[in-house]
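Chemist: Take a look at the following structure, please.
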Amino acid sequence: RGGHGPNCNATMRGPVGAIALAVLALAAQSSAFAGKSAFSLARSGAPAVARSPARSSAPAVASRLAMVATGPSSGLFTSSRPEDRHVEPEDLNGRTKFKVVYVVLESQYQSSMTAACKRINAQQEDVAVECSGYLLEELRDGANYEAFKKEVAEADIFIGSLIFVQELADKVVEAVEPHRQRMSACIVFPSMPDVMRLQKVGSFEMKNAGNSKGALGDFMKKNKPSGATFEDGMLKLLRALPKVLKYLPNEKAKDARAFMLSFQYWLGGSPENLEALLLNVASKYVEPIASKNLLPESVIQDPRLIPDRGIWHPIAKEIFVDVDSYLDWYRREVSPATGVDFDSAPTVGILLQKSHINTKDECHYVSLIQELEAQGAKVVPTYSGALDFSVLVDEYFYNAAGKQAVDAVINLTGFALVGGPAKQDHPKAVETLKRLDRPYLCALPLVFQTFEEWKDSELGLHPVQVALQVALPEIDGAIEPIIFAGRDGLTGRSVPLADRIQALSQRALKWANLRRKKNAEKNVAITIFSFPPDKGNVGTAAYLDVFGSIFSVLKGLKADGYDVGEIPENVEDLIDMVLHDKEATVASPELNVEYVMSVDEYKKLTPWAEDLEENWGPPPGQLNSDGANLLVYGKKFGNVFIGVQPSFGYEGDPMRLLFSKSASPHHGFAAYYTYVEKIFNADAVLHFGTHGSLEFMPGKQVGMSGECYPDRLIHTIPNLYYYAANNPSEATIAKRRSYANTISYLTPPAENAGLYKGLKELSELVASYQGLRETGRGPSIVNSIVASARTCNLDKDIKDLPGEEEDMAALSVDERDTVVGKVYSRLMEIESRLLPCGLHTVGVPPTAEEAVATLVSIASIDRPEDSIKSLPRILAESKGKQIEDIYRDSDKGVLEAVTLRNEVVEATRAAVRAMVEVSANNEGRIEDVTSVFASLARSVGFGKPPYVEALAKKGFTKASEEAMRPLFEYLDFCLKQVVADNELGALLASLEGRYTLPGPGGDPIRNPGVLPTGKNMHALDPQAIPTSAACDCAKVVVDRLLERQRQDNDGAYPESIAFVLWGTDNIKTYGESLAQVLWMVGVKPVPDSIGRVNKLELIPLEELGRPRVDVVVTCSGVFRDLFINQMNLLDRAVKMAAEADEPDEMNFVRKHAREQAAELGVSLRDAATRVFSNAAGSYSANVGLAIENGGWEDESQLQEQFLSRKGFAFNADKPGMLEQQDQIFKSSLSKVDVTFQNLDSSEISLSDVSHYFDSDPTKVVSSLRKDGKKPASFVADTTTANAQVRTLSETVRLDARTKLLNPKFYEGMLKSGYEGTREITKRLRNTMGWSATAGAVDNFIYEDANEVFIADPEMQKRLLETNPNAFRDMVTTFLEANGRGYWDTSEENLERLRQLYQEVDDKIEGM
C-alpha cells in the first residue's frame, strides 16, 4: 500500500486508530500547517511530522471524546456541546472585536470555522473575532436553544446553512428575526425559504425566497438547469454573476456581489476561505471596522477553489476531468504501489461531496478508498460541489468509447442522486442509473449523532437522516444503507468506522465480482422459510407457490448458463428432494441434511458464536442439531443450494418471549448463514418470498452496527429477495436491516367471492321476488327469504330482520321491499368482496380471468389526477344517478338501489372481459396485449369497441363513449403492465451485477405504478404523508365511525379510541390511518414551505363541531421503523390537544391527561403520551406466535405479552429513545371505549395474517377498565370506492363467508396442493386468534368449517394426501377452539376429531 502517505487504513484499526485519524486531520488544520491536508503533507515530504502527533495525543483525545459523547441518555439524538467549539481571542490588545454565530446542518464546517477564527485572532493586528457555532440538531435541547438565543442577541454576523428541518428552522427564525435589523449582516446559504428570508447583506435581501419574485428569483427561474436544486441554481448564478448584476441598482449590485462572494468562500470550505469570508463581511458591514477601514482589501484573499467537479484521489497532485486520463495515471502510479492488477481488478466508482474535500474533512473518504484498494479494487472517486451527482455518473463512469468504466457505484454523499435535502428528481436519477446498469450502493456518514451516540442508540440512525438519506436514495434504486463514518463530538470531523468500511468494501466488491465471474462458476443459495416451523410449512411465503416458482427459477438459471446439476422432472419431485419426506418433522433426520457442521468448525467460522450462549447455552443446542453437531437442511443442485432457513427459535417456549428483550438467533440459525457464506461460498443468496426471520433479528432499527444480528448473519453476501409487491413496508425493513436488493412479485389477482350453497339459494329467492313482488306469491317468497337468511346466520348482520313467525302478508309492498333490500344488500356485499385466488408462480403469465379480475378493480376507482372517471360512475350517470347515492341507498337496503348497483357491477365486469378477451391466446393466457383500439376501422371511428357492445347487451346503451375512452386507454396500459412481468429477468440481471429498476410497492389497484413486477421496491418519502387526499378519506371514515357510535350510545361520543397503525397500509393509502388519528383529536397536518408534512394546526372547536376524542395509538414495529417522523407528528398533535385551554366535556384528550397527571404525579405534557410501539429492533406483540404454536396457558398470558411488548412510548420531547411506560399505557387503555383498525386491501384481510389479531387490544382493554366492560370494536374497510365501517364481528363473519367457508377460495387453494392446504389451515388458526384476543367469532363459523373440512370424508382424504402436517394442525385447531371455550359443538364432532388426530399422527410418525 505504499505511496498513500500516512496510511489511514493501517492506523485506523480499533477506536484509538480512528481517533488518531481525527487528530491527524486536525493537525493539518493547526496554524503551523495552514492550508495543507494531512495527505498533502505526505507528498511534501513530511510524513513523520504528520504521524507522530497522531500517536502521542490519541489517549488524551480518547478521554475527551468519552466525556463529550455518552449516548442518548437525555432522550435527544445528540448531546455534543456547542461550548466546546466556542472561540474567543485570548488577548484583545486594543483590537476591535466582532461576534459571529453560525448554525449548520452538517458538521464538516465546524472545524474549518474554528481554525479560521483562530487564524484571525493569531494574525490580525486591528481586529479579533468571537465565534459560537451550533449544529442544527443541538437546538432541540432546551438549554442549548436558550444559549443560542442569548448569543444571537449579541452577534454582529449570523451565518446559517442547509437548515432543512422545519421544526428547527422555526426555532432559528424565532431566535434571529428580532435581531436581524440590528445585526451587521445575516448570511443564509441554501435553507428553508423562511430562513432564507432572514438574508441581509447591506441592501441585499431575499424577502421573496420561496415564491420566486424579484430580480434574483426571475434570473434563477430563467437560468435554472432542468431538475436542478436551489444549490445548483446558486452555483450557476455564481458563474453568471456579471450577467445578473446589470439588472440591479449600483448599491444593490455591490451587496449582491458581496453575498455571492461569501457563497463562493463558503463552498470553498477550507479555513483560509472561511477566514476570508469573515474578514470580507466584517470589512464592509461591521460598522466600527468598516468606518475606520481596519481591514483593507489587501488582507483579504481571493477564494481558493478547486474545480466544481472532477476525479479526486488522495495521492494525486491534481484533479482529473476525464476518466481515461485518470485511469492512465492510475495504471502508472497507483497500481504498482498497491499491487492491484490493473487489467483484471474490478472497478468501483465513488460519489463524494466536495465540501468534505474543501474543508479537509476527507479522512473517511480516504479510508474507504484505501480499503477497496487493499482488497484488490481500482477506484474512481468523483466529487461535485452541486447536488446533481448524475453529472458525475455520466461524465466519469464511461470511457472515451462510451463503455461503462465501473463495475459498481458507491454514493457516499448521503443524498439522493439528483437533489439535496429539499428537492429531488428521481426520474432523472433512475434514467441515469438504468443507462449505467451497475449496482448502486448508498452508504452514509452520521450527520446528527456522534459515533458513540449512534453506537449506544437502540434506534440507530437519526429519523431525519433516515428520511433524507435512506428513504430518498431508495426511490432512486439505492441498496445497502451502511454507515461508514461517524462524527467526532469534539471537533465535528468525520471519523472512519473501521469495521463498517471493511464490510462496505467487501460487499461492494462481491457485487462488482458478480459482473466479472462466469455464470457457470457462480454459487447461488436459495433460502426458503418454514413458519411456523413444521414439516408441513416448509416453503412458506405470502401468496407465492414457492416450489413451483423455484422450479421455474432453476430452469431460468440453467438457460442462462448456471450449473444447476440435474433438475428434477416436476415440482413434486423437487419438494421430495428438499424435504426428503414431506411427512417427517423438522426434528427428524429425514428432512434432507445437506451439511453436518462440527461445533469446532462452527466456532472457528462464527466469531460471535459465544454471544449467543447467554440465550441458548453452549452449541450445538437443541435446534437444527443432532445433539453433537449443527445441521444445515436443504439440497444442492450443482452450484445452486436450496436451503431451509432455521426457525426464529422461540416457538416451543412462548414464555421466553415475554421476558426476552435481548433476544438473539440460536446456534442453528447462525450456522446456516455461516455455511452459506463460508463453506458453500455463495456469490449471492436469494431469499424466496415474503418473509423470513433474518431481517427481524435483534439490532438497531436502521443503520446497523457490526453487533446487530442481521448484519452479522448476512455479512458479506449480496442479498436478493423476492418480496410480495403489496408489502413495501416489510420489504423496506429487509432492505435496510439485511441489505436486500428486493425483487417484487405479483400477488394473485383478486376475484369476486361469489355465492355458494345457502347463500346462492337465497340470492335465487331474491331474484324470483323481484319478478313476483306485487303478485299473491310475493309475501310467501319473503317468508322463505327471511327463513333462509336466518339459516345462513345473516340475522347477526341485519339487526331488524323480522322473525320467522311474522307473517309477511301483513306488510305493505314497500315494507317487504325494505326487508328484501337489506338481505340483498348483504348478499351483494359477500358476492362482490374480492379474494385472491390461488398462489402466484414466478415467471408464469396471467390467465385472461386473472387479468379481468385485476382490471375490474382498477376500472372501479376514480382517478381525478388523471381526469379519469371510474366505469361505475360513468354507468350510474348514464342512468341519471350519482354512484355515491346508489352506494348510500344500497347500504340502507333500498331494493331499487341494490338492484341497480348489482347491474352496474355486472356490466363493469362484462365490459372489461370484452376488452381482455381480444388479447387471450388459445390457453386462455395473455402473453401479448392487443390494444382494444387496434382495429383500423375503430381507430378512425367506424365500428364500436367491444366494451361498448358488451355494455349495450347489459342495458347500458347511453354510457358516454367520450368518458370511457380515456378509462379504457388507461386499462389498456395497465394490462400491458400486468403482462410485462420481469420477475425472472430482474433476478438474472441482479445475479450478473446489474441495476434493478426501482418501483413503488403497494396495491396495484390503487397504484398501477407497482406494475410490472420484478422491481426493487421502495416505500415513499415518509415526509410526504398524510396527503390532502388521505386527509379527506380519513375524515369520511372517522365521521362514520363516530356517527355509528353515537347511534349506539344515545347520542354520546366515545371518549377514547384505540388505534392500530400499520406500515404497509399507510404506504398504500398515503397516510389515511395517520390522518384518522389527527382528525380524531382535531388537529390538521400542514405542509411546510417545501411541501413536507411536518407542521400542525389545532382545529378550533367551533369548526370541528364535536369534542376532541382521545386516542391510544399502537404502532407496528414496521411502522415505527419507517415512519418515526410521523410518530413525532402524532405525539405533538396529542400534546397540542391536551394543552388547549378548553372545557373537559369538549376535549377528552385534556380531560384524561389531567386525570392521569394527578393519578401518576407527572406533568400534563408527559401524561398526554399516547403513541406506543415495541422497543427498538423488536416486532409484534408475539400473541400471534403464541397462538400459532398453541403453547399459551390462558388469555391473561396473551394480554400480559401485549402490554409488556407494546408499551414503549414515543415522546417528541425526547425523540432519541422509546421508553417503557407501563403505567401510562395501562392507564390510557383503561379509558378506551372503542378499538379500531383499518383494512385497505382485498389481498390481506383479518384471517389472512396473524398481525391484525396480534395487535388487537380489545380484551386487554376490558381487563383494564374499572367496569370490566368490553369496548366496541370496529374495522374500517376502504378496499373499495364505497368505504364501510363495520363491527369487528361483522368483518370476521364477512371474511369467513368469503374465504374459509367459500368453495371458490378453498378449491382455488387446493389446486396448489401442498401449499394450498397450509393456507386453508392458516385461515382457521387466525380465525381462532380473533376468539382469543377479541371474542369476535360466532359459533356457526367453527361449526360450518367443521362441516366443510372434517365431516366430509372426501375432503379429509384430499387434505391428508396433499399436506398431512397442515391437516393435523387443522384438527388440533378445532380441538383447541373447543377446549378453550370458543366453540360449542356435539360430542359426535369432537369424537370424530380425536379419532382423526390419532390417524393423522400415526401416518406422520410412519406407524
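Naming works like this for the C-alpha cells: A, B, ... for the chains as they're shown, residue 1 at the start of each chain, ligands 1 onward in shown order.
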When DSSP works through the backbone of this structure, what residues of segment 528-695 of chain A end up as strand (DSSP E or B), shown as a PyMOL selection string?
Modeler: chain A and resi 528+530+538+544+593-598+625+629-637+640-644+684-688
Chemist: Using only N, CA and C atoms, please write the residues we just selected to a file, as a PDB file, in the first residue's frame.
Modeler:
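selection01.pdb, freshly written:
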ATOM      1  N   ILE A 528     -35.348 -20.787   1.635  1.00  0.00           N
ATOM      2  CA  ILE A 528     -36.808 -20.810   1.809  1.00  0.00           C
ATOM      3  C   ILE A 528     -37.115 -20.848   3.299  1.00  0.00           C
ATOM      4  N   SER A 530     -39.757 -21.656   6.788  1.00  0.00           N
ATOM      5  CA  SER A 530     -40.679 -22.625   7.348  1.00  0.00           C
ATOM      6  C   SER A 530     -41.289 -21.994   8.584  1.00  0.00           C
ATOM      7  N   VAL A 538     -42.759 -25.995   5.280  1.00  0.00           N
ATOM      8  CA  VAL A 538     -41.529 -25.640   4.572  1.00  0.00           C
ATOM      9  C   VAL A 538     -41.901 -24.990   3.234  1.00  0.00           C
ATOM     10  N   LEU A 544     -47.418 -17.024  -2.590  1.00  0.00           N
ATOM     11  CA  LEU A 544     -46.481 -17.497  -3.601  1.00  0.00           C
ATOM     12  C   LEU A 544     -46.446 -19.021  -3.578  1.00  0.00           C
ATOM     13  N   VAL A 593     -30.576 -33.407   5.067  1.00  0.00           N
ATOM     14  CA  VAL A 593     -29.439 -32.686   5.652  1.00  0.00           C
ATOM     15  C   VAL A 593     -28.377 -32.528   4.575  1.00  0.00           C
ATOM     16  N   GLU A 594     -28.050 -31.282   4.258  1.00  0.00           N
ATOM     17  CA  GLU A 594     -27.038 -31.037   3.217  1.00  0.00           C
ATOM     18  C   GLU A 594     -25.647 -30.985   3.819  1.00  0.00           C
ATOM     19  N   TYR A 595     -25.543 -30.515   5.094  1.00  0.00           N
ATOM     20  CA  TYR A 595     -24.205 -30.365   5.672  1.00  0.00           C
ATOM     21  C   TYR A 595     -24.258 -30.574   7.182  1.00  0.00           C
ATOM     22  N   VAL A 596     -23.295 -31.311   7.697  1.00  0.00           N
ATOM     23  CA  VAL A 596     -23.162 -31.508   9.140  1.00  0.00           C
ATOM     24  C   VAL A 596     -21.948 -30.702   9.596  1.00  0.00           C
ATOM     25  N   MET A 597     -22.175 -29.734  10.495  1.00  0.00           N
ATOM     26  CA  MET A 597     -21.090 -28.839  10.917  1.00  0.00           C
ATOM     27  C   MET A 597     -20.694 -29.169  12.359  1.00  0.00           C
ATOM     28  N   SER A 598     -19.435 -29.496  12.554  1.00  0.00           N
ATOM     29  CA  SER A 598     -18.994 -29.800  13.922  1.00  0.00           C
ATOM     30  C   SER A 598     -18.972 -28.508  14.736  1.00  0.00           C
ATOM     31  N   SER A 625     -29.966 -29.464  15.180  1.00  0.00           N
ATOM     32  CA  SER A 625     -28.792 -30.145  15.735  1.00  0.00           C
ATOM     33  C   SER A 625     -29.134 -31.607  15.960  1.00  0.00           C
ATOM     34  N   ASN A 629     -23.670 -32.203  16.594  1.00  0.00           N
ATOM     35  CA  ASN A 629     -23.272 -31.294  15.514  1.00  0.00           C
ATOM     36  C   ASN A 629     -24.444 -30.379  15.157  1.00  0.00           C
ATOM     37  N   LEU A 630     -24.145 -29.358  14.360  1.00  0.00           N
ATOM     38  CA  LEU A 630     -25.204 -28.495  13.831  1.00  0.00           C
ATOM     39  C   LEU A 630     -25.568 -28.976  12.432  1.00  0.00           C
ATOM     40  N   LEU A 631     -26.855 -28.951  12.114  1.00  0.00           N
ATOM     41  CA  LEU A 631     -27.323 -29.483  10.829  1.00  0.00           C
ATOM     42  C   LEU A 631     -27.838 -28.360   9.930  1.00  0.00           C
ATOM     43  N   VAL A 632     -27.400 -28.393   8.680  1.00  0.00           N
ATOM     44  CA  VAL A 632     -27.904 -27.446   7.690  1.00  0.00           C
ATOM     45  C   VAL A 632     -28.841 -28.227   6.769  1.00  0.00           C
ATOM     46  N   TYR A 633     -30.136 -27.848   6.792  1.00  0.00           N
ATOM     47  CA  TYR A 633     -31.139 -28.564   5.988  1.00  0.00           C
ATOM     48  C   TYR A 633     -31.233 -27.962   4.597  1.00  0.00           C
ATOM     49  N   GLY A 634     -31.410 -28.838   3.601  1.00  0.00           N
ATOM     50  CA  GLY A 634     -31.562 -28.348   2.237  1.00  0.00           C
ATOM     51  C   GLY A 634     -31.007 -29.358   1.260  1.00  0.00           C
ATOM     52  N   LYS A 635     -30.798 -28.894   0.024  1.00  0.00           N
ATOM     53  CA  LYS A 635     -30.332 -29.809  -1.019  1.00  0.00           C
ATOM     54  C   LYS A 635     -29.573 -29.013  -2.070  1.00  0.00           C
ATOM     55  N   LYS A 636     -28.440 -29.556  -2.514  1.00  0.00           N
ATOM     56  CA  LYS A 636     -27.660 -28.906  -3.571  1.00  0.00           C
ATOM     57  C   LYS A 636     -28.023 -29.470  -4.936  1.00  0.00           C
ATOM     58  N   PHE A 637     -28.160 -28.540  -5.902  1.00  0.00           N
ATOM     59  CA  PHE A 637     -28.346 -28.923  -7.308  1.00  0.00           C
ATOM     60  C   PHE A 637     -27.222 -28.245  -8.078  1.00  0.00           C
ATOM     61  N   VAL A 640     -26.185 -24.656  -7.157  1.00  0.00           N
ATOM     62  CA  VAL A 640     -27.320 -23.996  -6.503  1.00  0.00           C
ATOM     63  C   VAL A 640     -27.690 -24.792  -5.255  1.00  0.00           C
ATOM     64  N   PHE A 641     -27.767 -24.108  -4.112  1.00  0.00           N
ATOM     65  CA  PHE A 641     -28.151 -24.752  -2.852  1.00  0.00           C
ATOM     66  C   PHE A 641     -29.540 -24.223  -2.481  1.00  0.00           C
ATOM     67  N   ILE A 642     -30.488 -25.140  -2.301  1.00  0.00           N
ATOM     68  CA  ILE A 642     -31.807 -24.741  -1.799  1.00  0.00           C
ATOM     69  C   ILE A 642     -31.830 -25.115  -0.324  1.00  0.00           C
ATOM     70  N   GLY A 643     -31.803 -24.108   0.538  1.00  0.00           N
ATOM     71  CA  GLY A 643     -31.708 -24.349   1.981  1.00  0.00           C
ATOM     72  C   GLY A 643     -32.946 -23.875   2.716  1.00  0.00           C
ATOM     73  N   VAL A 644     -33.219 -24.515   3.867  1.00  0.00           N
ATOM     74  CA  VAL A 644     -34.367 -24.128   4.691  1.00  0.00           C
ATOM     75  C   VAL A 644     -33.851 -23.267   5.840  1.00  0.00           C
ATOM     76  N   ALA A 684     -24.117 -15.096  -4.087  1.00  0.00           N
ATOM     77  CA  ALA A 684     -25.315 -14.324  -3.736  1.00  0.00           C
ATOM     78  C   ALA A 684     -26.290 -15.279  -3.076  1.00  0.00           C
ATOM     79  N   VAL A 685     -27.174 -14.706  -2.228  1.00  0.00           N
ATOM     80  CA  VAL A 685     -28.246 -15.515  -1.635  1.00  0.00           C
ATOM     81  C   VAL A 685     -29.570 -14.942  -2.135  1.00  0.00           C
ATOM     82  N   LEU A 686     -30.513 -15.819  -2.440  1.00  0.00           N
ATOM     83  CA  LEU A 686     -31.850 -15.393  -2.865  1.00  0.00           C
ATOM     84  C   LEU A 686     -32.847 -15.854  -1.804  1.00  0.00           C
ATOM     85  N   HIS A 687     -33.380 -14.891  -1.028  1.00  0.00           N
ATOM     86  CA  HIS A 687     -34.428 -15.235  -0.059  1.00  0.00           C
ATOM     87  C   HIS A 687     -35.746 -15.292  -0.826  1.00  0.00           C
ATOM     88  N   PHE A 688     -36.452 -16.401  -0.658  1.00  0.00           N
ATOM     89  CA  PHE A 688     -37.535 -16.692  -1.586  1.00  0.00           C
ATOM     90  C   PHE A 688     -38.905 -16.448  -0.969  1.00  0.00           C
TER      91      PHE A 688
END
Chemist: Counting only C-alpha atoms, what is within 7 Å of Met196 of chain A, bar same-chain residues fewer than 4 positions away, as an MDAnalysis selection string?
Modeler: chainID A and resid 188 191:192 206 209
Chemist: Go ahead and write the residues just picked, all heavy atoms, as an mmCIF file, in the first residue's frame.
Modeler:
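Done, and the output landed in result_12.cif:
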data_model
loop_
_atom_site.group_PDB
_atom_site.id
_atom_site.type_symbol
_atom_site.label_atom_id
_atom_site.label_comp_id
_atom_site.auth_asym_id
_atom_site.auth_seq_id
_atom_site.Cartn_x
_atom_site.Cartn_y
_atom_site.Cartn_z
ATOM 1 N N VAL A 188 -27.426 33.685 4.858
ATOM 2 C CA VAL A 188 -28.026 32.351 4.871
ATOM 3 C C VAL A 188 -27.771 31.682 3.532
ATOM 4 O O VAL A 188 -28.107 32.225 2.479
ATOM 5 C CB VAL A 188 -29.543 32.432 5.149
ATOM 6 C CG1 VAL A 188 -30.119 31.014 5.238
ATOM 7 C CG2 VAL A 188 -29.810 33.176 6.448
ATOM 8 N N SER A 191 -31.333 26.995 2.395
ATOM 9 C CA SER A 191 -32.099 26.565 3.570
ATOM 10 C C SER A 191 -33.575 26.683 3.238
ATOM 11 O O SER A 191 -33.935 27.054 2.126
ATOM 12 C CB SER A 191 -31.765 27.461 4.783
ATOM 13 O OG SER A 191 -30.435 27.252 5.213
ATOM 14 N N MET A 192 -34.418 26.383 4.245
ATOM 15 C CA MET A 192 -35.862 26.535 4.053
ATOM 16 C C MET A 192 -36.155 28.000 3.696
ATOM 17 O O MET A 192 -35.492 28.909 4.213
ATOM 18 C CB MET A 192 -36.611 26.193 5.343
ATOM 19 C CG MET A 192 -36.416 24.782 5.824
ATOM 20 S SD MET A 192 -37.205 23.541 4.805
ATOM 21 C CE MET A 192 -38.870 23.647 5.391
ATOM 22 N N MET A 206 -33.529 38.654 0.690
ATOM 23 C CA MET A 206 -34.301 37.639 -0.055
ATOM 24 C C MET A 206 -35.695 37.551 0.552
ATOM 25 O O MET A 206 -36.137 36.497 0.972
ATOM 26 C CB MET A 206 -33.599 36.275 0.021
ATOM 27 C CG MET A 206 -32.369 36.173 -0.830
ATOM 28 S SD MET A 206 -31.820 34.463 -0.917
ATOM 29 C CE MET A 206 -30.441 34.628 -2.041
ATOM 30 N N ALA A 209 -37.933 34.864 -0.880
ATOM 31 C CA ALA A 209 -37.456 33.474 -1.003
ATOM 32 C C ALA A 209 -38.633 32.522 -0.892
ATOM 33 O O ALA A 209 -39.481 32.674 -0.026
ATOM 34 C CB ALA A 209 -36.437 33.168 0.093
#
Chemist: In Å to one decimal, how far is atom CA of Pro314 of chain A from atom CA of Ser494 of chain A?
Modeler: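 Between atom CA of Ser494 of chain A and atom CA of Pro314 of chain A the gap works out to 15.9 Å.
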Chemist: Leaving out Asp1121 of chain A and any residue of its chain fewer than 2 positions from it, which residues lie within 10 Å of it when counting only C-alpha atoms, given as a VMD selection string?
Modeler: chain A and resid 459 463 466 700 to 702 729 to 730 732 to 733 736 1063 1115 to 1119 1123 to 1125 1176 to 1177 1179
Chemist: Which of these residues is nearest to Gly477 of chain A, using only C-alpha atoms: A:Asp1277, A:Asp437, A:Gly999, A:Ala897?
Modeler: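 Smallest separation from Gly477 of chain A among the options: A:Gly999.
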Chemist: Check the smallest atom-to-atom distance from each of A:Gln264, A:Ser788, A:Phe680, A:Gly420 to Ile526 of chain A using only C-alpha atoms, then report the winner.
Modeler: A:Phe680
Chemist: So what do you get for atom CA of Leu746 of chain A versus atom CA of Ala725 of chain A, distance-wise?
Modeler: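 Computed distance, atom CA of Leu746 of chain A to atom CA of Ala725 of chain A, equals 5.7 Å.
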Chemist: Between atom CA of Ile1005 of chain A and atom CA of Asp889 of chain A, what is the spacing in Å?
Modeler: 25.6 Å
Chemist: Restricting the calculation to only C-alpha atoms: of A:Asp600, A:Ile369, A:Leu1396, A:Ala559, which residue gets closest to Ile501 of chain A?
Modeler: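 Once distances to Ile501 of chain A are computed over only C-alpha atoms, the minimum belongs to A:Ile369.
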Chemist: Residues near Glu695 of chain A, anyone? I mean within 8 Å using only C-alpha atoms, not counting same-chain ones fewer than 2 positions away, as a list of chain:residue names.
Modeler: A:Gly692, A:Ser693, A:Met697, A:Pro710, A:Ile733, A:Ala734, A:Arg737, A:Ser738
Chemist: Do you know which residues are at most 12 Å from Ile798 of chain A counting only C-alpha atoms, after dropping those on the same chain fewer than 4 positions away, and could you put them as a list of chain:residue names?
Modeler: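 My reading of the contact set: A:Val786, A:Ala789, A:Arg790, A:Cys792, A:Asn793, A:Leu794, A:Pro802, A:Gly803, A:Thr818, A:Val819, A:Val820, A:Gly821, A:Lys822, A:Val823, A:Tyr824, A:Ser825, A:Arg826, A:Leu827, A:Asp891, A:Lys892, A:Gly893, A:Glu1290.
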Chemist: If we count only C-alpha atoms and set the cut-off at 9 Å, which residues sit around segment 901-911 of chain A, ignoring sequence neighbours fewer than 6 positions away in its own chain? Please answer as a compact mmCIF listing (two decimals) with N, CA and C atoms, in the first residue's frame.
Modeler:
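As a result, selection17.txt now contains:
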# COMPACT_ATOMS: atom_id res chain seq x y z
N MET A 828 -74.99 -8.99 -1.73
CA MET A 828 -74.11 -8.26 -2.68
C MET A 828 -72.74 -8.01 -2.04
N SER A 832 -69.58 -9.59 -3.90
CA SER A 832 -68.65 -8.71 -4.62
C SER A 832 -67.34 -8.50 -3.87
N VAL A 852 -58.84 -10.04 -15.95
CA VAL A 852 -60.16 -9.39 -15.82
C VAL A 852 -60.37 -8.96 -14.36
N ALA A 853 -60.07 -9.88 -13.43
CA ALA A 853 -60.29 -9.59 -12.00
C ALA A 853 -59.53 -8.34 -11.58
N LEU A 855 -58.29 -5.88 -13.55
CA LEU A 855 -58.69 -4.66 -14.27
C LEU A 855 -60.06 -4.16 -13.85
N VAL A 856 -60.97 -5.07 -13.45
CA VAL A 856 -62.28 -4.63 -12.95
C VAL A 856 -62.07 -3.74 -11.72
N ALA A 859 -60.71 -0.44 -12.81
CA ALA A 859 -61.73 0.36 -13.51
C ALA A 859 -62.74 0.95 -12.54
N SER A 860 -62.80 0.44 -11.30
CA SER A 860 -63.84 0.87 -10.36
C SER A 860 -63.41 2.05 -9.49
N LEU A 871 -65.63 3.39 -14.17
CA LEU A 871 -66.70 2.87 -15.01
C LEU A 871 -68.04 2.85 -14.24
N PRO A 872 -68.09 2.42 -12.95
CA PRO A 872 -69.36 2.51 -12.23
C PRO A 872 -69.94 3.93 -12.23
N ARG A 873 -69.09 4.94 -12.10
CA ARG A 873 -69.59 6.33 -12.11
C ARG A 873 -70.19 6.68 -13.48
N LEU A 875 -71.43 4.63 -15.69
CA LEU A 875 -72.67 3.87 -15.89
C LEU A 875 -73.81 4.46 -15.05
N ALA A 876 -73.51 4.87 -13.82
CA ALA A 876 -74.55 5.50 -12.97
C ALA A 876 -75.07 6.77 -13.65
N ILE A 883 -73.12 7.79 -8.41
CA ILE A 883 -72.74 6.49 -7.84
C ILE A 883 -72.79 6.54 -6.30
N ILE A 886 -76.26 5.82 -5.16
CA ILE A 886 -76.58 4.38 -5.31
C ILE A 886 -75.96 3.60 -4.15
N TYR A 887 -74.67 3.89 -3.84
CA TYR A 887 -74.00 3.19 -2.74
C TYR A 887 -74.74 3.44 -1.41
N SER A 890 -78.13 1.75 -1.36
CA SER A 890 -77.91 0.30 -1.35
C SER A 890 -77.50 -0.17 0.05
N PRO A 946 -65.26 -3.32 -28.43
CA PRO A 946 -66.00 -4.45 -27.84
C PRO A 946 -66.65 -4.11 -26.51
N TYR A 947 -66.03 -3.22 -25.71
CA TYR A 947 -66.61 -2.92 -24.40
C TYR A 947 -67.93 -2.16 -24.53
N VAL A 948 -68.06 -1.36 -25.60
CA VAL A 948 -69.32 -0.62 -25.81
C VAL A 948 -70.43 -1.61 -26.14
N GLU A 949 -70.09 -2.58 -26.98
CA GLU A 949 -71.09 -3.60 -27.36
C GLU A 949 -71.50 -4.43 -26.14
N ALA A 950 -70.51 -4.77 -25.30
CA ALA A 950 -70.81 -5.56 -24.10
C ALA A 950 -71.75 -4.79 -23.17
N LEU A 951 -71.53 -3.49 -23.02
CA LEU A 951 -72.39 -2.69 -22.14
C LEU A 951 -73.82 -2.59 -22.69
N ALA A 952 -73.89 -2.47 -24.01
CA ALA A 952 -75.23 -2.37 -24.63
C ALA A 952 -76.04 -3.64 -24.32
N LYS A 953 -75.36 -4.80 -24.37
CA LYS A 953 -76.07 -6.06 -24.08
C LYS A 953 -76.57 -6.10 -22.63
N LYS A 954 -75.88 -5.37 -21.76
CA LYS A 954 -76.28 -5.34 -20.34
C LYS A 954 -77.26 -4.21 -20.05
N GLY A 955 -77.72 -3.52 -21.12
CA GLY A 955 -78.73 -2.48 -20.92
C GLY A 955 -78.19 -1.07 -20.71
N PHE A 956 -76.88 -0.89 -20.85
CA PHE A 956 -76.30 0.46 -20.68
C PHE A 956 -75.95 1.03 -22.06
Chemist: Mind the document's chain letters and residue numbers, and return as a ChimeraX atom specification the residues of segment 807-944 of chain A that DSSP labels helix (DSSP H, G or I).
Modeler: /A:808-810,813-831,848-859,864-866,871-878,883-892,895-917,936-939
Chemist: Residues within 10 Å of segment 166-176 of chain A, please, as a ChimeraX atom specification. Count only C-alpha atoms; anything in the same chain fewer than 5 positions from it doesn't count.
Modeler: /A:103,136-140,145-146,148-153,155,158,160,181,183,186,191-198,1087-1090,1092-1095
